[in-house]
$ cat data_29.cif   # mmCIF, C-alpha atoms
data_query
loop_
_atom_site.label_atom_id
_atom_site.label_comp_id
_atom_site.auth_asym_id
_atom_site.auth_seq_id
_atom_site.Cartn_x
_atom_site.Cartn_y
_atom_site.Cartn_z
CA MET A 1 27.78 -11.91 -8.75
CA THR A 2 24.54 -10.87 -10.47
CA PHE A 3 24.91 -8.47 -13.39
CA VAL A 4 23.91 -4.87 -12.53
CA PRO A 5 21.58 -3.55 -15.26
CA ASP A 6 21.94 -0.02 -16.59
CA VAL A 7 18.77 1.94 -15.79
CA PHE A 8 20.27 5.34 -16.55
CA ASP A 9 20.31 5.50 -20.36
CA PRO A 10 17.22 7.54 -21.32
CA ARG A 11 17.00 5.91 -24.76
CA GLN A 12 15.85 2.56 -23.33
CA TYR A 13 12.74 4.22 -21.86
CA ALA A 14 11.48 4.93 -25.38
CA ALA A 15 10.85 1.18 -25.64
CA GLY A 16 9.13 0.99 -22.25
CA VAL A 17 9.91 1.21 -18.55
CA PRO A 18 12.59 -1.45 -17.82
CA TYR A 19 10.64 -3.33 -15.15
CA ASP A 20 12.66 -6.52 -15.58
CA ALA A 21 15.87 -4.60 -14.90
CA TYR A 22 14.26 -2.94 -11.89
CA ARG A 23 13.36 -6.34 -10.46
CA VAL A 24 16.97 -7.56 -10.79
CA LEU A 25 18.10 -4.46 -8.91
CA ARG A 26 15.46 -4.83 -6.17
CA ASP A 27 16.28 -8.49 -5.65
CA HIS A 28 20.08 -8.32 -5.82
CA HIS A 29 21.29 -4.69 -5.82
CA PRO A 30 18.65 -2.52 -4.10
CA VAL A 31 21.12 0.37 -3.86
CA ALA A 32 23.20 -0.01 -7.03
CA ARG A 33 26.04 2.04 -8.43
CA GLN A 34 25.18 3.35 -11.90
CA ASP A 35 27.52 4.82 -14.48
CA GLU A 36 26.46 8.18 -15.85
CA HIS A 37 27.85 7.87 -19.34
CA GLU A 38 27.82 10.37 -22.17
CA VAL A 39 24.59 10.05 -24.15
CA LEU A 40 22.63 12.14 -26.65
CA GLY A 41 25.29 14.84 -26.61
CA TRP A 42 25.17 15.29 -22.85
CA PRO A 43 28.54 14.80 -21.11
CA ALA A 44 29.37 11.98 -18.72
CA GLY A 45 28.86 12.50 -15.00
CA PRO A 46 30.28 10.99 -11.81
CA GLY A 47 27.61 8.30 -11.45
CA PHE A 48 24.98 7.78 -8.78
CA TRP A 49 23.26 5.30 -6.46
CA ALA A 50 20.00 3.86 -7.84
CA VAL A 51 17.48 3.14 -5.06
CA THR A 52 14.80 0.71 -6.23
CA ARG A 53 13.03 -0.88 -3.21
CA HIS A 54 9.91 0.80 -1.87
CA ALA A 55 11.07 1.02 1.75
CA ASP A 56 14.40 2.58 0.78
CA VAL A 57 12.76 5.03 -1.63
CA VAL A 58 10.40 6.20 1.12
CA ARG A 59 13.28 6.46 3.59
CA VAL A 60 15.26 8.69 1.22
CA LEU A 61 12.28 10.90 0.40
CA LYS A 62 11.33 11.39 4.04
CA ASP A 63 14.84 12.09 5.38
CA SER A 64 15.73 15.50 3.94
CA ALA A 65 18.42 16.02 6.59
CA THR A 66 20.41 13.10 5.18
CA TYR A 67 19.29 13.22 1.54
CA SER A 68 19.16 16.83 0.41
CA SER A 69 17.20 18.38 -2.46
CA HIS A 70 19.17 21.60 -2.05
CA LEU A 71 22.79 20.52 -2.35
CA GLY A 72 22.74 19.34 -5.96
CA ALA A 73 19.10 19.94 -6.95
CA THR A 74 16.79 17.12 -8.04
CA GLN A 75 17.82 16.06 -11.56
CA ILE A 76 20.26 13.21 -12.17
CA ARG A 77 22.69 15.26 -14.20
CA ASP A 78 24.64 17.87 -12.25
CA PRO A 79 23.77 21.46 -13.12
CA ASP A 80 26.50 23.84 -14.13
CA PRO A 81 28.07 25.11 -10.87
CA ASP A 82 27.36 28.68 -12.00
CA ASP A 83 23.66 27.84 -12.39
CA LEU A 84 23.25 26.01 -9.08
CA PRO A 85 22.45 29.09 -6.91
CA PHE A 86 19.71 30.01 -9.38
CA ILE A 87 18.27 26.48 -9.54
CA ARG A 88 18.25 26.24 -5.74
CA ARG A 89 15.71 29.09 -5.56
CA MET A 90 12.96 26.74 -6.74
CA MET A 91 10.82 25.16 -4.01
CA LEU A 92 11.48 21.72 -5.50
CA ASN A 93 15.20 22.21 -4.86
CA GLN A 94 15.01 23.37 -1.25
CA ASP A 95 15.08 21.61 2.10
CA PRO A 96 13.11 22.42 5.25
CA PRO A 97 12.52 24.94 6.71
CA GLY A 98 12.79 27.15 3.60
CA HIS A 99 10.86 24.65 1.54
CA GLY A 100 7.98 24.67 4.03
CA ARG A 101 7.68 28.45 3.93
CA LEU A 102 7.36 28.51 0.13
CA ARG A 103 4.95 25.58 0.15
CA ARG A 104 2.65 27.38 2.60
CA LEU A 105 2.67 30.52 0.45
CA VAL A 106 1.65 28.79 -2.77
CA SER A 107 -0.92 26.62 -0.96
CA ARG A 108 -2.93 29.77 -0.23
CA ALA A 109 -3.78 30.01 -3.92
CA PHE A 110 -5.71 26.73 -3.92
CA THR A 111 -8.99 27.75 -2.27
CA PRO A 112 -12.05 25.44 -2.03
CA ARG A 113 -14.06 27.77 -4.28
CA ARG A 114 -11.33 27.70 -6.91
CA ILE A 115 -11.18 23.91 -6.73
CA ASP A 116 -14.96 23.61 -7.28
CA ARG A 117 -14.88 25.95 -10.29
CA PHE A 118 -11.85 24.14 -11.68
CA GLU A 119 -13.61 20.75 -11.55
CA ARG A 120 -16.61 22.05 -13.49
CA VAL A 121 -14.40 23.53 -16.20
CA ALA A 122 -12.28 20.36 -16.44
CA GLN A 123 -15.41 18.21 -16.83
CA GLU A 124 -16.75 20.29 -19.70
CA ARG A 125 -13.32 20.31 -21.34
CA ALA A 126 -12.94 16.52 -21.07
CA ARG A 127 -16.42 16.02 -22.52
CA THR A 128 -15.71 18.31 -25.47
CA LEU A 129 -12.28 16.86 -26.28
CA LEU A 130 -13.47 13.25 -26.06
CA ALA A 131 -16.52 13.94 -28.22
CA HIS A 132 -14.27 15.51 -30.85
CA ALA A 133 -11.91 12.52 -30.64
CA LEU A 134 -14.85 10.18 -31.26
CA GLU A 135 -15.93 12.21 -34.30
CA THR A 136 -12.37 12.13 -35.64
CA ALA A 137 -12.22 8.35 -35.23
CA ARG A 138 -15.57 7.83 -36.95
CA ALA A 139 -14.42 9.90 -39.88
CA ALA A 140 -11.29 7.78 -40.21
CA ASP A 141 -10.84 4.07 -39.50
CA GLY A 142 -12.20 4.03 -35.98
CA THR A 143 -8.88 4.99 -34.40
CA VAL A 144 -7.53 8.20 -32.96
CA ASP A 145 -4.35 9.40 -31.24
CA LEU A 146 -5.65 10.23 -27.78
CA VAL A 147 -2.53 12.22 -26.92
CA GLY A 148 -2.91 14.59 -29.86
CA ALA A 149 -6.71 14.66 -29.70
CA VAL A 150 -7.32 14.73 -25.95
CA THR A 151 -4.70 14.47 -23.23
CA ASP A 152 -2.16 17.09 -24.30
CA ASP A 153 -4.83 19.77 -24.65
CA TYR A 154 -6.68 18.61 -21.55
CA ALA A 155 -3.62 19.01 -19.32
CA LEU A 156 -2.47 22.23 -20.97
CA LEU A 157 -5.81 24.03 -20.95
CA ASN A 158 -6.62 23.01 -17.39
CA LEU A 159 -3.29 24.39 -16.24
CA ALA A 160 -3.79 27.61 -18.20
CA ASP A 161 -7.19 28.12 -16.56
CA LEU A 162 -5.76 27.46 -13.10
CA LEU A 163 -2.88 29.89 -13.61
CA GLY A 164 -4.92 32.50 -15.44
CA VAL A 165 -2.91 32.47 -18.68
CA PRO A 166 -4.77 34.23 -21.53
CA GLU A 167 -6.03 32.00 -24.33
CA THR A 168 -3.69 33.57 -26.88
CA ASP A 169 -0.62 32.58 -24.82
CA ARG A 170 -1.51 29.03 -23.85
CA LYS A 171 0.68 27.24 -26.40
CA LEU A 172 3.66 28.89 -24.71
CA LEU A 173 3.09 26.61 -21.70
CA LEU A 174 3.40 23.50 -23.87
CA HIS A 175 6.50 24.88 -25.59
CA TRP A 176 8.23 25.54 -22.26
CA THR A 177 7.21 22.14 -20.88
CA GLN A 178 8.57 20.30 -23.91
CA ARG A 179 11.82 22.24 -23.75
CA VAL A 180 12.40 21.61 -20.05
CA ILE A 181 10.92 18.13 -19.55
CA GLY A 182 11.61 16.61 -22.96
CA TYR A 183 15.17 17.87 -23.34
CA GLN A 184 16.53 14.31 -23.75
CA ASP A 185 14.15 13.63 -26.64
CA PRO A 186 15.10 15.31 -29.95
CA ASP A 187 11.46 15.27 -31.09
CA GLU A 188 10.34 17.23 -28.04
CA ALA A 189 13.24 19.56 -27.35
CA GLY A 190 14.07 20.61 -30.89
CA PRO A 191 17.59 21.61 -31.94
CA GLN A 192 20.10 21.40 -29.08
CA VAL A 193 21.42 24.76 -27.83
CA LEU A 194 25.19 24.76 -27.35
CA ASP A 195 27.43 27.07 -25.34
CA GLY A 196 30.71 28.64 -26.49
CA GLN A 197 32.60 25.39 -25.84
CA GLY A 198 30.14 23.32 -27.87
CA ARG A 199 28.47 21.79 -24.80
CA PRO A 200 24.67 21.51 -24.52
CA VAL A 201 23.05 24.20 -22.39
CA ASN A 202 20.92 22.91 -19.50
CA PRO A 203 17.24 23.76 -20.20
CA ARG A 204 16.88 24.78 -16.53
CA SER A 205 19.70 27.35 -16.74
CA PRO A 206 18.95 31.08 -16.39
CA ALA A 207 19.77 31.64 -20.07
CA MET A 208 17.20 29.09 -21.23
CA LEU A 209 14.48 30.29 -18.84
CA ARG A 210 14.81 34.01 -19.53
CA ASP A 211 11.76 34.14 -21.81
CA MET A 212 9.58 32.20 -19.36
CA PHE A 213 10.57 34.40 -16.44
CA GLY A 214 10.00 37.55 -18.46
CA TYR A 215 6.52 36.33 -19.28
CA ALA A 216 5.85 35.51 -15.61
CA ARG A 217 6.71 39.09 -14.62
CA GLN A 218 4.44 40.52 -17.32
CA LEU A 219 1.58 38.23 -16.35
CA ALA A 220 1.95 39.13 -12.65
CA ALA A 221 1.90 42.83 -13.48
CA HIS A 222 -1.25 42.31 -15.54
CA LYS A 223 -2.93 40.41 -12.68
CA ARG A 224 -2.17 43.25 -10.26
CA ARG A 225 -3.99 45.66 -12.57
CA PHE A 226 -6.75 43.26 -13.61
CA PRO A 227 -7.22 40.64 -10.85
CA ASP A 228 -9.17 37.49 -11.55
CA ASP A 229 -10.04 34.19 -9.86
CA ASP A 230 -6.78 32.36 -10.63
CA VAL A 231 -3.53 31.29 -9.02
CA MET A 232 -1.32 33.97 -10.59
CA THR A 233 -3.60 36.71 -9.25
CA THR A 234 -3.24 35.30 -5.74
CA LEU A 235 0.55 34.97 -6.02
CA ALA A 236 0.97 38.41 -7.61
CA HIS A 237 -0.82 40.02 -4.65
CA ASP A 238 1.09 38.10 -1.97
CA ALA A 239 3.30 40.65 -0.20
CA GLU A 240 5.45 37.88 1.33
CA LEU A 241 6.47 36.56 -2.08
CA ALA A 242 9.55 38.09 -3.70
CA GLU A 243 9.47 38.59 -7.47
CA SER A 244 12.20 35.98 -7.94
CA GLU A 245 10.11 33.49 -5.92
CA LEU A 246 7.03 34.25 -7.99
CA GLU A 247 9.01 33.57 -11.17
CA MET A 248 10.16 30.23 -9.81
CA PHE A 249 6.60 29.33 -8.81
CA PHE A 250 5.42 30.07 -12.33
CA PHE A 251 8.17 27.81 -13.68
CA LEU A 252 7.33 25.02 -11.24
CA LEU A 253 3.56 25.19 -11.78
CA THR A 254 3.95 25.44 -15.55
CA VAL A 255 6.26 22.48 -15.92
CA ALA A 256 5.23 20.16 -13.07
CA GLY A 257 1.57 21.15 -13.19
CA ASN A 258 1.34 20.41 -16.90
CA ASP A 259 3.49 17.35 -17.27
CA THR A 260 2.17 15.35 -14.31
CA VAL A 261 -1.28 15.06 -15.87
CA ARG A 262 0.10 15.14 -19.41
CA SER A 263 2.06 11.95 -18.63
CA ALA A 264 -0.35 10.19 -16.28
CA ALA A 265 -3.51 10.59 -18.38
CA PRO A 266 -2.40 8.72 -21.53
CA GLY A 267 -0.65 6.13 -19.37
CA GLY A 268 -3.90 5.40 -17.55
CA LEU A 269 -5.91 5.25 -20.78
CA LEU A 270 -3.35 2.89 -22.30
CA ALA A 271 -3.57 0.60 -19.26
CA LEU A 272 -7.37 0.52 -19.54
CA ALA A 273 -7.18 -0.19 -23.28
CA GLU A 274 -4.75 -3.07 -22.63
CA HIS A 275 -7.04 -4.49 -19.93
CA PRO A 276 -10.54 -4.42 -21.49
CA GLU A 277 -12.07 -6.50 -18.70
CA SER A 278 -10.89 -3.92 -16.13
CA TYR A 279 -12.26 -1.10 -18.27
CA GLU A 280 -15.63 -2.81 -18.55
CA ARG A 281 -15.79 -3.36 -14.78
CA LEU A 282 -14.94 0.28 -14.22
CA ARG A 283 -17.68 1.35 -16.63
CA THR A 284 -20.23 -0.64 -14.62
CA GLY A 285 -19.24 1.18 -11.42
CA GLU A 286 -17.10 -1.45 -9.73
CA PRO A 287 -14.47 -0.73 -8.58
CA GLU A 288 -14.84 2.84 -7.38
CA LEU A 289 -13.14 5.48 -9.49
CA PRO A 290 -10.84 7.03 -6.82
CA ALA A 291 -9.25 3.62 -6.11
CA ALA A 292 -8.89 3.00 -9.84
CA VAL A 293 -7.15 6.34 -10.32
CA ASP A 294 -4.56 5.45 -7.70
CA GLU A 295 -3.95 2.02 -9.23
CA LEU A 296 -3.49 3.58 -12.66
CA LEU A 297 -1.00 6.00 -11.10
CA ARG A 298 0.85 3.09 -9.53
CA TRP A 299 0.84 1.29 -12.86
CA HIS A 300 2.04 4.31 -14.86
CA PRO A 301 3.72 6.86 -12.57
CA PRO A 302 4.23 10.17 -14.36
CA VAL A 303 7.68 10.67 -12.80
CA LEU A 304 10.27 7.90 -13.05
CA THR A 305 13.08 9.26 -10.89
CA PHE A 306 14.15 12.02 -8.52
CA ARG A 307 17.62 12.82 -7.29
CA ARG A 308 18.89 13.70 -3.83
CA THR A 309 22.44 14.39 -2.63
CA ALA A 310 23.84 12.81 0.54
CA ALA A 311 24.47 15.57 3.08
CA VAL A 312 26.49 13.27 5.39
CA ASP A 313 28.15 9.87 5.25
CA THR A 314 25.42 7.27 5.68
CA GLU A 315 24.37 3.70 4.93
CA LEU A 316 21.42 2.46 2.90
CA ALA A 317 20.57 -1.21 2.31
CA GLY A 318 24.08 -2.15 3.40
CA ARG A 319 25.87 0.23 1.04
CA ARG A 320 28.14 2.97 2.32
CA ILE A 321 27.15 6.32 0.83
CA ARG A 322 29.52 9.26 1.13
CA ALA A 323 28.57 12.89 1.66
CA GLY A 324 28.18 14.46 -1.78
CA ASP A 325 27.11 11.24 -3.52
CA LYS A 326 24.09 11.39 -5.80
CA VAL A 327 21.20 9.19 -4.64
CA VAL A 328 18.40 8.64 -7.18
CA VAL A 329 15.05 7.10 -6.20
CA PHE A 330 13.16 5.10 -8.83
CA HIS A 331 9.42 5.62 -8.31
CA ALA A 332 8.40 3.17 -11.02
CA SER A 333 10.46 0.41 -9.43
CA ALA A 334 9.13 1.09 -5.93
CA ASN A 335 5.58 0.86 -7.30
CA ARG A 336 6.23 -2.74 -8.44
CA ASP A 337 8.02 -3.91 -5.30
CA GLU A 338 6.75 -7.39 -4.33
CA ARG A 339 7.70 -6.66 -0.72
CA VAL A 340 4.85 -4.13 -0.56
CA PHE A 341 2.37 -4.91 -3.34
CA THR A 342 0.71 -8.31 -3.81
CA ASP A 343 1.02 -9.45 -7.42
CA PRO A 344 2.43 -6.04 -8.46
CA ASP A 345 2.48 -6.82 -12.19
CA ARG A 346 -1.30 -7.25 -12.21
CA LEU A 347 -3.55 -4.24 -12.76
CA ASP A 348 -5.99 -4.33 -9.84
CA LEU A 349 -8.32 -1.32 -9.91
CA SER A 350 -9.65 -2.27 -6.47
CA ARG A 351 -6.19 -2.46 -4.88
CA ALA A 352 -6.20 -1.44 -1.22
CA PRO A 353 -4.11 -0.37 0.45
CA ASN A 354 -2.11 1.22 -2.35
CA PRO A 355 0.93 3.08 -0.96
CA HIS A 356 2.38 3.98 -4.34
CA VAL A 357 4.98 6.73 -4.50
CA SER A 358 3.93 8.24 -7.83
CA PHE A 359 3.58 11.63 -6.14
CA GLY A 360 6.63 11.14 -3.93
CA ASP A 361 6.63 11.13 -0.14
CA GLY A 362 7.91 13.18 2.76
CA PRO A 363 8.16 16.99 2.75
CA HIS A 364 8.32 17.15 -1.05
CA VAL A 365 5.18 15.10 -1.73
CA CYS A 366 3.60 16.61 -4.84
CA LEU A 367 1.81 19.88 -4.01
CA GLY A 368 -0.57 19.36 -6.93
CA ALA A 369 -1.43 15.70 -6.20
CA HIS A 370 -5.03 16.59 -5.29
CA PHE A 371 -5.51 18.52 -8.54
CA ALA A 372 -3.89 15.78 -10.60
CA ARG A 373 -6.19 13.14 -9.11
CA LEU A 374 -9.19 15.40 -9.67
CA GLN A 375 -8.31 15.88 -13.35
CA LEU A 376 -7.72 12.18 -13.87
CA ARG A 377 -11.02 11.23 -12.19
CA VAL A 378 -12.89 13.67 -14.41
CA LEU A 379 -11.14 12.51 -17.58
CA TYR A 380 -11.64 8.78 -16.96
CA ARG A 381 -15.27 9.30 -15.96
CA GLU A 382 -15.98 11.15 -19.20
CA ALA A 383 -14.00 8.59 -21.23
CA MET A 384 -16.17 5.79 -19.85
CA ARG A 385 -19.29 7.74 -20.81
CA THR A 386 -18.11 8.69 -24.30
CA LEU A 387 -15.91 5.77 -25.37
CA PRO A 388 -17.49 2.36 -24.68
CA VAL A 389 -14.71 0.73 -26.75
CA LEU A 390 -11.06 1.31 -25.87
CA ARG A 391 -8.50 -0.92 -27.62
CA PRO A 392 -4.85 -0.36 -28.62
CA ALA A 393 -4.51 0.35 -32.34
CA GLY A 394 -0.73 0.17 -32.40
CA PRO A 395 2.22 0.67 -30.08
CA PRO A 396 2.42 3.97 -28.21
CA GLU A 397 5.31 6.31 -28.93
CA ARG A 398 7.17 6.95 -25.69
CA LEU A 399 9.34 9.82 -24.54
CA VAL A 400 13.11 9.44 -24.52
CA SER A 401 13.61 10.26 -20.84
CA ASN A 402 14.84 8.72 -17.60
CA PHE A 403 12.84 11.36 -15.69
CA ILE A 404 9.31 11.59 -17.10
CA ASN A 405 7.23 8.54 -18.05
CA GLY A 406 5.84 10.29 -21.10
CA ILE A 407 3.73 9.09 -24.04
CA LYS A 408 4.00 11.16 -27.22
CA SER A 409 1.28 9.37 -29.20
CA LEU A 410 -1.38 6.81 -28.27
CA PRO A 411 -3.28 5.23 -31.17
CA ILE A 412 -6.49 3.80 -29.78
CA GLN A 413 -9.51 2.14 -31.39
CA VAL A 414 -12.58 3.84 -29.93
CA THR A 415 -15.39 2.76 -32.28
#

$ encode --input "data_29.cif" --output "structure tokens"
Amino acid sequence: MTFVPDVFDPRQYAAGVPYDAYRVLRDHHPVARQDEHEVLGWPAGPGFWAVTRHADVVRVLKDSATYSSHLGATQIRDPDPDDLPFIRRMMLNQDPPGHGRLRRLVSRAFTPRRIDRFERVAQERARTLLAHALETARAADGTVDLVGAVTDDYALLNLADLLGVPETDRKLLLHWTQRVIGYQDPDEAGPQVLDGQGRPVNPRSPAMLRDMFGYARQLAAHKRRFPDDDVMTTLAHDAELAESELEMFFFLLTVAGNDTVRSAAPGGLLALAEHPESYERLRTGEPELPAAVDELLRWHPPVLTFRRTAAVDTELAGRRIRAGDKVVVFHASANRDERVFTDPDRLDLSRAPNPHVSFGDGPHVCLGAHFARLQLRVLYREAMRTLPVLRPAGPPERLVSNFINGIKSLPIQVT
């Protein structure tokens, strides 16, 4: 019998996404049992089913009646049972019809006028950050860390503008994102917080989110007194939205809204730097930028995995799954499935069709996908204008995470 690779251990992702292991799973164990061993101070869990083929990933994501986001939330590790009712309040961790109601409420905040204004601001920001990065490189040896110089600030400041966070408070958004998203990486999360029994405290627990939620309430109160053209003003004035729901929206938009672009942008720039002929073709206008953005998202999906919990006994790819089992979909594996994508390990900026699942599928497809694509289009367009040369200047430093496909530093030669 073919060996079943471990694709759980978050430490291996610091060396790169394990695409070879994913292929073994797709070919021989498309729904594979994975041990959830103790690692990085986090206790062992009961294990889960890893779903790696595109068709099965889509099936799980679309069938919320069988594969629930609500029962055990959406992270691989089980939350503390005492925290689960709190975590379930987030839209991400709900099933229809409750999920649909919350999604409709927050969608009201994204008006066409706000989108137009947002694109203009993002374009000017990308132009300024890239010009500064070029100056920094010229003053040094022709290289610059595009994460530190461009993409972290680009994602953070765009999100702050969209939410309406004052300039003096904007670094708080990055701090909260690092704490919640990068909790498996000691460089990102900082010192581990332990409970009375010496166990690590989940960064999504009420205790760890108290400061963020307190800030959300203060910001909402400020927006009611001093309304502006931003998302928090719209949410703060929505009579259908309970205060607890508004807090959860602020959490979701802060973390997901920041880290999607924060992860995808350097991944796309790295892919272009590693494929200079593709970058040159893109700079000459062929292929078209929207298609290129989707191929770069397929190539480097910002989210690696999402968890569901089986609501009933079922079967998937010939494996019997019991009610209560954890079922984890692997987006990055589905995006390289040879059953769907021709020559999937080749970067093809003209690829069409391109049914990647980097933003998920089904009822939980990413609410901010349109805004993420917009930001990426703007950033890549300005990069092509400002940086005619884009070459790797050393290996990227990757996030220790089996959830987010993050890049912590990206040394690039730009002159």

$ closest_residue --input "data_29.cif" --among "A:Arg204, A:Arg179, A:Lys223, A:His54" --to "Val165 (chain A)" --atoms "all atoms listed in the file"
A:Lys223

$ resolve_selection --input "data_29.cif" --expression "the PyMOL selection byres ((chain A and resi 241-258) around 8)" --output "ChimeraX atom specification"
/A:89-92,105-106,155-156,159,173-174,176-177,180-181,212-213,216-217,232,235-236,238-240,259-262,368

$ residues_around --input "data_29.cif" --residues "Glu119 (chain A)" --least-positions-apart "4" --cutoff "9 Å" --atoms "only C-alpha atoms" --output "ChimeraX atom specification"
/A:114-115,123-124,371,374-375,378

$ closest_residue --input "data_29.cif" --among "A:Pro395, A:Arg104, A:Arg385, A:Arg308" --to "Leu134 (chain A)" --atoms "all atoms listed in the file"
A:Arg385

$ residues_around --input "data_29.cif" --residues "Ala55 (chain A)" --least-positions-apart "5" --cutoff "10 Å" --atoms "only C-alpha atoms" --output "CSV table (one decimal) with C-alpha atoms, in the coordinates of the input"
chain,number,residue,atom,x,y,z
A,60,VAL,CA,15.3,8.7,1.2
A,317,ALA,CA,20.6,-1.2,2.3
A,334,ALA,CA,9.1,1.1,-5.9
A,337,ASP,CA,8.0,-3.9,-5.3
A,339,ARG,CA,7.7,-6.7,-0.7
A,340,VAL,CA,4.8,-4.1,-0.6

$ residues_around --input "data_29.cif" --residues "Thr305 (chain A)" --least-positions-apart "2" --cutoff "12 Å" --atoms "only C-alpha atoms" --output "PyMOL selection string"
chain A and resi 7-8+10+17+49-52+57+61+74-77+301-303+307-308+327-335+357-360+401-405

$ write_last_selection --input "data_29.cif" --atoms "C-alpha atoms" --output "tab-separated table (two decimals), keeping the file's coordinate frame"
chain	number	residue	atom	x	y	z
A	7	VAL	CA	18.77	1.94	-15.79
A	8	PHE	CA	20.27	5.34	-16.55
A	10	PRO	CA	17.22	7.54	-21.32
A	17	VAL	CA	9.91	1.21	-18.55
A	49	TRP	CA	23.26	5.30	-6.46
A	50	ALA	CA	20.00	3.86	-7.84
A	51	VAL	CA	17.48	3.14	-5.06
A	52	THR	CA	14.80	0.71	-6.23
A	57	VAL	CA	12.76	5.03	-1.63
A	61	LEU	CA	12.28	10.90	0.40
A	74	THR	CA	16.79	17.12	-8.04
A	75	GLN	CA	17.82	16.06	-11.56
A	76	ILE	CA	20.26	13.21	-12.17
A	77	ARG	CA	22.69	15.26	-14.20
A	301	PRO	CA	3.72	6.86	-12.57
A	302	PRO	CA	4.23	10.17	-14.36
A	303	VAL	CA	7.68	10.67	-12.80
A	307	ARG	CA	17.62	12.82	-7.29
A	308	ARG	CA	18.89	13.70	-3.83
A	327	VAL	CA	21.20	9.19	-4.64
A	328	VAL	CA	18.40	8.64	-7.18
A	329	VAL	CA	15.05	7.10	-6.20
A	330	PHE	CA	13.16	5.10	-8.83
A	331	HIS	CA	9.42	5.62	-8.31
A	332	ALA	CA	8.40	3.17	-11.02
A	333	SER	CA	10.46	0.41	-9.43
A	334	ALA	CA	9.13	1.09	-5.93
A	335	ASN	CA	5.58	0.86	-7.30
A	357	VAL	CA	4.98	6.73	-4.50
A	358	SER	CA	3.93	8.24	-7.83
A	359	PHE	CA	3.58	11.63	-6.14
A	360	GLY	CA	6.63	11.14	-3.93
A	401	SER	CA	13.61	10.26	-20.84
A	402	ASN	CA	14.84	8.72	-17.60
A	403	PHE	CA	12.84	11.36	-15.69
A	404	ILE	CA	9.31	11.59	-17.10
A	405	ASN	CA	7.23	8.54	-18.05

$ closest_residue --input "data_29.cif" --among "A:Ala133, A:Ile412, A:Ala160, A:Ala73" --to "Glu274 (chain A)" --atoms "all atoms listed in the file"
A:Ile412

$ residues_near_point --input "data_29.cif" --point "(-2.3, 2.9, -31.5)" --cutoff "10 Å" --atoms "only C-alpha atoms" --output "short mmCIF file (atom, residue, chain, number, x, y, z; two decimals) with C-alpha atoms, in the frame of the given file"
data_model
loop_
_atom_site.label_atom_id
_atom_site.label_comp_id
_atom_site.auth_asym_id
_atom_site.auth_seq_id
_atom_site.Cartn_x
_atom_site.Cartn_y
_atom_site.Cartn_z
CA THR A 143 -8.88 4.99 -34.40
CA VAL A 144 -7.53 8.20 -32.96
CA ASP A 145 -4.35 9.40 -31.24
CA LEU A 146 -5.65 10.23 -27.78
CA LEU A 270 -3.35 2.89 -22.30
CA ARG A 391 -8.50 -0.92 -27.62
CA PRO A 392 -4.85 -0.36 -28.62
CA ALA A 393 -4.51 0.35 -32.34
CA GLY A 394 -0.73 0.17 -32.40
CA PRO A 395 2.22 0.67 -30.08
CA PRO A 396 2.42 3.97 -28.21
CA GLU A 397 5.31 6.31 -28.93
CA SER A 409 1.28 9.37 -29.20
CA LEU A 410 -1.38 6.81 -28.27
CA PRO A 411 -3.28 5.23 -31.17
CA ILE A 412 -6.49 3.80 -29.78
CA GLN A 413 -9.51 2.14 -31.39
#
